[in-house]
Amino acid sequence: MPDFDVKEKRFEQDIEEYLLTHGGYQKGNPAAFNREKALDTATFLSFIRTSQPKQWERFEKIYGADSERQLIDRFCREVKLVGLLKVLRQGFTDRGIKFRAVFWKPETSINETSQAQYAANILHCTRQLHYSLSNENSIDIVLFLNGIPVVSMELKCQFTGQDTANAIQQYKFDRAGKDAIFEFKNRVLVHFAVDLTNVYMTTRLEGAKTYFLPFNQGSNGAGNVGGKGNPINPDGYDTAYLWENVLCKDRLLEILHKYLHLQQEKDEKTGEVKSERMIFPRYHQLDVVTKLLADVKANGSGKNYLIQHSAGSGKSNSIAWLAHRLTGLHDDRDEKIFQSVIIVTDRRVLDSQLQNTVYQFDHVAGVVQKIDKNAQQLREAIEAGTGIIITTLQKFPVIYKEVRSGNKRFAVIVDEAHSSQTGDAARKLKRALADTEKVLEEYAKEEYEEEATRKDDEDKLLDELAAQGIHENLSFFAFTATPKDKTLQMFGQRDESGKYHPFHVYSMRQAIEEGFILDVLQNYMTYNMYYKIAKAIPDDPELDTAAGVRAIRQFETLHPHNISQKTAIMLEQFRNVTRHKIGGKAKAMIVTPSRLHAVRYLLEFKRQIKEKGYTDLDVLVAFSGEVEDNGETYTEEKLNKTKSGETIKEKALPEAFHTDEYGMLIVAEKYQTGFDEPLLHTMFVDKKLSGVKAVQTLSRLNRTMRGKKDTFVLDFVNSAEDIRKAFEPYYEETVLEEETDPNVVYDLKNTLDEYRVYQQIEIDRFAEIFYSSKEQSGGDLGKLQGTIRPALDRFEALEEEKQELFKSTLARFNRIYAFVTQVCRLFDKDIHKFSVYAKFLYTMLPKGGRDKVYVDDKVLLEYYRLEKDFEGGIQLESAPEGFRPITGEAGRKEKKRDPLTVIIDKINEKYGTNFTEMDKVLLQMENDYAAQDKWHSYAQNNDRKTFMLLFEKDFPNMAAARYEQNEDFFVKMFSDPDMMRQVMETVGTVLYERLRGQKE
């Protein structure tokens, strides 16, 4: 019996065989590829001659024997100028002769010429393509369209010990050079990393910065509730959908024609392009549009569809693609199904995005019209048969009146009907309220009841639909992440048992597991849990204890309306934990039960911030209407001021909150839905939440960004069970920690020690490399991995059952440690060192079965840097003798200072410098001052403020004296006033504490 072929080459052959026999491709010849032009020039010229003979004849008369070279050069110049996608869609012109690089499939079958032109397209599947002028590297498979490379694939086979991680590594570091085939926008438009079970894709190769997105169906198949990955395919490869459903001729050309688009961010003033991305649809986006189009084509108009797609699913693009496709959709008789597509949305961004996207497809202005004036404008757009009409819910009733009569058919896309942001803005609190807890409680109850009965946008929409009934000439497509029961009943599909289901689902769980949003329940903490953990801190820790923790020890039970008490807890939680997240830029939101609470909270926050002398934190508030309290009337704009005293207008508040000036936002029934601020990390909840409202509110935290690894919720009101019930309909496998004792981390560590997988010397060596203050060198990462390798070998030697137990215990340790340290720092350097080691060890353990993850030095590089900068660098305060206590004069807390190395890191990061010897420079200056008796006297006999005034006056002179010895550092500092101030603050604070602590 012959050996079974499990090599990567066999995988490659199977994909090629399918594309050649079923996919509409021909076998490509790698030797025909022109590496300089990044074209199969012979095929490109053959396509032009065959499909456009008249144009070619005219072209030859002009250029004669030089025609082929001239045509290739003209095509390449045009692509360089406007990008390949535009050339594919609009063609290119030379001397008035217009050529097409591809012919798209016509919408109808009426025109035989169009059908023949489409059939003239030549698609090649080329294996092992050598592409470079400088080396003989090859890509496993490249797909060509009329001689133009448009898709590349790197294949890996787990049976040979490799997977998509290795393919991604190749793309990042071996395929990201200057070779013409990889030029962004100009040649290959999408790159796939593929193994037997997973697919990842990117549209831009940028070396180590390259970002690959999952391109999987989901664990239970596309459109169904589930997690990441792909279902098992009993008839072949789990990833066969890629070449069977995506890369076959008709589908690939459809994607290039009607999905792929270039998204550009331009400067509003100059119009200059600041950034651009090539958008290739994720699998669930492609799947939902395809299935909706097929259903409409089969059933005609008159049906309703509910699309339950989580935040992070890319709803704006899905809506844009669906709207554009519906405008051109024809039935089996080649008749257009819908006259117009009407999008009902409250998002301004969707308008410009749709305009740009659709224009790229059709290159026709006026296809999209925004209704921004009145109902008459909407009537005129409907009457004129405008392709895509964008309107708001307020003008929604006009749609029914206009489309009720006649035989015109319309598609109506409803974009996530958010709850009202402002409530009743005209309502004014006229009663004078005493500053009593009872009145606050009553007012919170009153506003809660009013909010519960108030109809939000979704309710109003459903009422309108119910009143008007179903019309055969109207099809509704409702997109939402959190459908209410009534929404499910109105738009969902009823099964045999009478239950209603969405037409298509992209679940919250899948979005989280695929990394498009964060899990807001990962570090969700009720007040009882917070109290239990905080109380467990030693009574006399080495480091200064947060005021919030002291407050907790004072009161074992917290009165539900003790605003001062809770403010102290939130303020110190923010300063001790939140502000260290996301590279020091993290923000928090306080969700209050009423507008009066919001006002009182703001005043209390400002009072405590001023009292404690915090100069690096300011707070904003958001609520509607007016609030009268103790004879004074408050509005949002009256309370929100810049440092210079200017009013922050309501519309400008989100932008102001995004700046470094503001760290916290207090809200009352505002910004709890539809608010997108990636820097939002922490939420303090002082309001009863349930059902959809709970999910929508907490989901304000889930946006991802570079450096944001987790979120934190401290809930003063709701129980873990309340939140679990709220999330269950939208998210599988909800996990909330509710019985955690901080000492559990030691118990888990003891359990892990028993397996003898790692040794303390390896952990110490890992920490020594990881927290080294010297500049990272190329070999450090390899050394880091080397410290973990012995543990992996010992893990392999364990019995299978013990391996699983070790892995699950290690995962639990990582989760519990992260959870506990959201509240308190354990002041244990050893356990912290182990926690970082444990996190890396877990990422390198085999992922189950025979599949293993082999992570190369380069692949780990970016993750390593983020970890070191944002976790180790900021949160670990180490010293040779352990943790240094922070003390202040007369028991009063001095401003907390970071270790010198961390301050240096911050200066380097903030000012774009890389001064590896800066610690020596600053120490030299500190010693210069310490050597002078007068500065000892200044420190001993003055408070810190007076000392700093004297110091700041003298500092430039001392810096100038050191200038020649450290020229680069000082040139930068003297040219940047902000950097000068930060260095003065650093050295002055350290010097004052040093001299103050010395006896004369």
# chains A, B, ... in the order shown; residues from 1 in each chain; ligands from 1
>>> residues_around(residues="Lys54 (chain A)", least_positions_apart="5", cutoff="12 Å", atoms="only C-alpha atoms", output="MDAnalysis selection string")
chainID A and resid 48:49 59:61 97:99
>>> residues_around(residues="Asn942 (chain A)", least_positions_apart="3", cutoff="12 Å", atoms="only C-alpha atoms", output="short mmCIF file (atom, residue, chain, number, x, y, z; two decimals) with C-alpha atoms, in the first residue's frame")
data_model
loop_
_atom_site.label_atom_id
_atom_site.label_comp_id
_atom_site.auth_asym_id
_atom_site.auth_seq_id
_atom_site.Cartn_x
_atom_site.Cartn_y
_atom_site.Cartn_z
CA GLU A 889 4.85 64.82 53.98
CA LYS A 934 21.58 75.55 48.79
CA TRP A 935 19.29 73.06 47.11
CA HIS A 936 19.30 70.90 50.26
CA SER A 937 18.22 73.99 52.16
CA TYR A 938 15.50 74.84 49.60
CA ALA A 939 14.07 71.32 49.86
CA LYS A 945 5.37 74.12 45.08
CA THR A 946 7.90 76.76 46.23
CA PHE A 947 10.79 74.40 45.55
CA MET A 948 9.57 73.82 42.00
CA LEU A 949 9.32 77.57 41.32
CA LEU A 950 12.98 77.98 42.29
CA PHE A 951 13.98 74.85 40.42
CA TYR A 992 12.76 67.24 45.95
CA GLU A 993 11.86 63.84 47.41
CA LEU A 995 16.71 66.04 49.28
CA ARG A 996 13.67 66.27 51.51
#
>>> closest_residue(among="A:Ser301, A:Asn927, A:Asn814, A:Thr164", to="Phe212 (chain A)", atoms="only C-alpha atoms")
A:Thr164
>>> residues_around(residues="region 487-490 of chain A", least_positions_apart="3", cutoff="7 Å", atoms="only C-alpha atoms", output="PDB file with N, CA and C atoms, in the first residue's frame")
ATOM      1  N   PRO A 483     -31.772  42.811  18.487  1.00  0.00           N
ATOM      2  CA  PRO A 483     -33.197  42.945  18.177  1.00  0.00           C
ATOM      3  C   PRO A 483     -34.088  42.714  19.394  1.00  0.00           C
ATOM      4  N   LYS A 484     -35.097  43.561  19.564  1.00  0.00           N
ATOM      5  CA  LYS A 484     -36.099  43.345  20.594  1.00  0.00           C
ATOM      6  C   LYS A 484     -37.044  42.228  20.147  1.00  0.00           C
ATOM      7  N   TYR A 500     -39.496  32.857  16.288  1.00  0.00           N
ATOM      8  CA  TYR A 500     -38.993  33.728  15.225  1.00  0.00           C
ATOM      9  C   TYR A 500     -37.461  33.787  15.270  1.00  0.00           C
ATOM     10  N   HIS A 501     -36.845  33.774  14.103  1.00  0.00           N
ATOM     11  CA  HIS A 501     -35.385  33.776  13.995  1.00  0.00           C
ATOM     12  C   HIS A 501     -34.925  34.807  12.977  1.00  0.00           C
ATOM     13  N   PRO A 502     -33.716  35.337  13.153  1.00  0.00           N
ATOM     14  CA  PRO A 502     -33.162  36.228  12.133  1.00  0.00           C
ATOM     15  C   PRO A 502     -32.895  35.455  10.841  1.00  0.00           C
TER      16      PRO A 502
END
>>> decode(residues="region 136-224 of chain A", atoms="C-alpha atoms", output="tab-separated table (two decimals), in the first residue's frame")
chain	number	residue	atom	x	y	z
A	136	GLU	CA	13.84	33.03	-6.44
A	137	ASN	CA	11.10	33.08	-3.80
A	138	SER	CA	7.79	31.74	-5.03
A	139	ILE	CA	4.11	32.06	-4.07
A	140	ASP	CA	2.14	28.80	-3.83
A	141	ILE	CA	-0.81	29.92	-5.98
A	142	VAL	CA	-1.54	33.14	-7.88
A	143	LEU	CA	-4.81	33.72	-9.72
A	144	PHE	CA	-4.60	35.85	-12.88
A	145	LEU	CA	-7.36	37.77	-14.64
A	146	ASN	CA	-6.45	38.40	-18.28
A	147	GLY	CA	-2.76	38.20	-17.39
A	148	ILE	CA	-3.09	40.49	-14.33
A	149	PRO	CA	-2.31	38.91	-10.91
A	150	VAL	CA	-5.26	39.67	-8.60
A	151	VAL	CA	-5.18	36.98	-5.86
A	152	SER	CA	-2.31	35.26	-4.07
A	153	MET	CA	-2.41	32.28	-1.70
A	154	GLU	CA	0.16	30.85	0.69
A	155	LEU	CA	-0.84	27.33	1.72
A	156	LYS	CA	0.15	25.36	4.83
A	157	CYS	CA	-0.68	21.86	5.98
A	158	GLN	CA	-0.94	21.00	9.67
A	159	PHE	CA	0.22	17.46	8.97
A	160	THR	CA	3.64	18.87	8.14
A	161	GLY	CA	3.68	20.90	11.37
A	162	GLN	CA	2.72	24.29	9.93
A	163	ASP	CA	-0.44	26.39	9.75
A	164	THR	CA	-1.74	29.85	8.82
A	165	ALA	CA	0.60	31.48	11.37
A	166	ASN	CA	3.54	30.37	9.23
A	167	ALA	CA	1.86	31.59	6.04
A	168	ILE	CA	1.21	34.98	7.65
A	169	GLN	CA	4.85	35.12	8.71
A	170	GLN	CA	5.94	34.52	5.12
A	171	TYR	CA	3.71	37.31	3.86
A	172	LYS	CA	4.97	39.74	6.51
A	173	PHE	CA	8.67	39.14	6.15
A	174	ASP	CA	9.39	37.35	2.88
A	175	ARG	CA	6.67	38.77	0.62
A	176	ALA	CA	6.61	42.43	1.62
A	177	GLY	CA	9.54	43.76	-0.38
A	178	LYS	CA	9.66	46.15	-3.32
A	179	ASP	CA	8.52	43.54	-5.85
A	180	ALA	CA	5.98	44.92	-8.31
A	181	ILE	CA	3.48	42.12	-7.74
A	182	PHE	CA	2.93	43.26	-4.13
A	183	GLU	CA	2.48	46.99	-4.80
A	184	PHE	CA	-0.60	48.12	-2.85
A	185	LYS	CA	-3.55	48.95	-5.16
A	186	ASN	CA	-1.50	48.21	-8.30
A	187	ARG	CA	-1.31	44.43	-8.63
A	188	VAL	CA	-2.49	41.61	-6.33
A	189	LEU	CA	-5.58	42.97	-4.59
A	190	VAL	CA	-6.02	40.32	-1.88
A	191	HIS	CA	-3.70	37.82	-0.21
A	192	PHE	CA	-4.94	34.65	1.54
A	193	ALA	CA	-3.15	32.56	4.19
A	194	VAL	CA	-4.78	29.11	4.04
A	195	ASP	CA	-4.41	25.82	5.89
A	196	LEU	CA	-6.67	22.78	6.29
A	197	THR	CA	-8.95	24.49	8.84
A	198	ASN	CA	-8.58	28.29	8.65
A	199	VAL	CA	-8.32	31.18	6.20
A	200	TYR	CA	-6.95	34.70	6.84
A	201	MET	CA	-6.73	37.56	4.37
A	202	THR	CA	-5.21	40.99	3.87
A	203	THR	CA	-5.25	43.57	1.09
A	204	ARG	CA	-2.00	45.31	1.97
A	205	LEU	CA	1.43	43.90	2.78
A	206	GLU	CA	3.32	46.26	5.11
A	207	GLY	CA	5.95	44.05	6.69
A	208	ALA	CA	5.53	43.57	10.43
A	209	LYS	CA	2.55	45.98	10.45
A	210	THR	CA	0.53	43.79	8.07
A	211	TYR	CA	-2.88	42.99	9.53
A	212	PHE	CA	-4.61	39.76	8.53
A	213	LEU	CA	-8.38	39.37	9.07
A	214	PRO	CA	-10.11	36.04	9.66
A	215	PHE	CA	-11.93	34.86	6.54
A	216	ASN	CA	-13.79	31.97	8.14
A	217	GLN	CA	-17.44	30.95	8.06
A	218	GLY	CA	-17.89	30.56	11.82
A	219	SER	CA	-17.91	27.34	13.84
A	220	ASN	CA	-21.50	26.50	12.85
A	221	GLY	CA	-21.39	27.83	9.31
A	222	ALA	CA	-22.01	31.29	7.91
A	223	GLY	CA	-25.20	33.00	9.07
A	224	ASN	CA	-25.63	30.85	12.17
